[in-house]
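Asks: Below are the structure tokens for one structure; questions will follow.
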Amino acid sequence: MPRLCIGNQAGGVNLRILVIGADLVGLSCAQVLHDQGHEVTMIDSRAEIGHPQELPGFHTGEVDLSQYAPQIQLTETGCRRPWLEKSMAQKLPINYILRTDPATVVGEFDLKIDSETYHSNTQWFGGVTLQGREPQTEIIAHRADGTVECWTKGPLPEVEGGWLERFDGTFDQEFASVDASILCGIQLASEQKA
């Protein structure tokens, strides 16, 4: 089972690398590159890492997230994705630039990696409700606090008592899990050449 801490694989030339996108793909990519000894700067147009939520907190178990379990409401099927993104960022000592258009960044970087290129045009709608009130949807992720995150491609159905939170995003179902996003970031980092 892959872990986020890849270990120090440093050796060779240390590069100044710009990673575009502070989501799970970008953060896991940056983690691998940082562990290899590179100087990493991350940029995102959002004002806060993890918000707004645009992808599910669905967890398949392919990636060991136990080091974040208390912070992210981790269960066998889900977690709070925004809290995972924020927790990863808190443990990753790199430079962060938020609320900035990547096209406006001035600086000398040996390599620029756009982690946002995997996004699709498939529209999804999600919501959080209490356990036992969740409707049948394509993606369901239970959280440790008794809430359930539900995502569907069609209109989000009404639930008893109403939704506690609603969100939407564009993604392919194969990237719906936090595990798939993290593994994509690890792969993205491994494909980079100076």
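Following the order of the structure tokens, chains are lettered A, B, ..., residues in each are numbered from 1, and ligands are numbered from 1.
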Enumerate as a ChimeraX atom specification all residues of chain A assigned to alpha helix (DSSP H) by DSSP on the backbone, naming them with the chain letters and numbers the document uses.
Replies: /A:24-35,69-72,81-91,178-190
Asks: What lies within 12 Å of A:Glu160 using only C-alpha atoms, ignoring chain neighbours under 6 positions off, as a VMD selection string?
Replies: chain A and resid 128 to 135
Asks: Got a sec: who's within 10 Å of stretch 95-108 of chain A, counting only C-alpha atoms, leaving out chain neighbours fewer than 4 positions off, as a list of chain:residue names?
Replies: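 Near stretch 95-108 of chain A, the qualifying residues are A:Arg16, A:Ile17, A:Leu18, A:Val19, A:Ile20, A:Gly21, A:Ala22, A:Glu39, A:Val40, A:Thr41, A:Met42, A:Ile43, A:Asp44, A:Ser45, A:Arg46, A:Ala47, A:Glu48, A:Ile49, A:Ala89, A:Lys112, A:Asp114.
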Asks: Tell me which protein, DNA and RNA residues are within 9 Å of A:Gln53, counting only C-alpha atoms, leaving out same-chain ones fewer than 5 positions away, and put them as an mmCIF file with N, CA and C atoms, in the first residue's frame.
Replies:
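See selection-v1.cif below for the written result:
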```cif
data_model
loop_
_atom_site.group_PDB
_atom_site.id
_atom_site.type_symbol
_atom_site.label_atom_id
_atom_site.label_comp_id
_atom_site.auth_asym_id
_atom_site.auth_seq_id
_atom_site.Cartn_x
_atom_site.Cartn_y
_atom_site.Cartn_z
ATOM 1 N N ARG A 81 -12.086 15.516 2.386
ATOM 2 C CA ARG A 81 -11.046 15.835 1.411
ATOM 3 C C ARG A 81 -10.399 17.201 1.653
ATOM 4 N N PRO A 82 -11.189 18.254 1.901
ATOM 5 C CA PRO A 82 -10.547 19.552 2.156
ATOM 6 C C PRO A 82 -9.611 19.515 3.364
ATOM 7 N N PHE A 167 -22.023 21.073 -2.896
ATOM 8 C CA PHE A 167 -20.901 21.482 -3.717
ATOM 9 C C PHE A 167 -21.021 20.879 -5.107
ATOM 10 N N ASP A 168 -20.161 21.309 -6.001
ATOM 11 C CA ASP A 168 -20.127 20.741 -7.349
ATOM 12 C C ASP A 168 -18.697 20.791 -7.859
ATOM 13 N N GLY A 169 -18.433 19.969 -8.850
ATOM 14 C CA GLY A 169 -17.102 19.922 -9.433
ATOM 15 C C GLY A 169 -17.129 19.196 -10.754
#
```
Asks: Taking the chain letters and numbering used in this document, name the residues of stretch 35-76 of chain A that DSSP puts in strand (DSSP E or B), as a ChimeraX atom specification.
Replies: /A:39-43,48,51,58,64
Asks: Give me, please, the distance in Å between atom CA of A:Arg143 and atom CA of A:Arg166, quoted to one decimal.
Replies: 15.6 Å
Asks: So, counting only C-alpha atoms, which residue among A:Gly57, A:Gly162, A:Pro52, A:Gly126 is closest to A:Phe175?
Replies: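 Of A:Gly57, A:Gly162, A:Pro52, A:Gly126, the one nearest A:Phe175 is A:Gly57, counting only C-alpha atoms.
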Asks: Could you state the separation of atom CA of A:Leu15 and atom CA of A:Leu111 in Å, given to one decimal place?
Replies: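 Those two atoms sit 7.5 Å apart.
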Asks: So what do you get for atom CA of A:Asp35 versus atom CA of A:Ala176, distance-wise?
Replies: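 It comes out at 25.9 Å.
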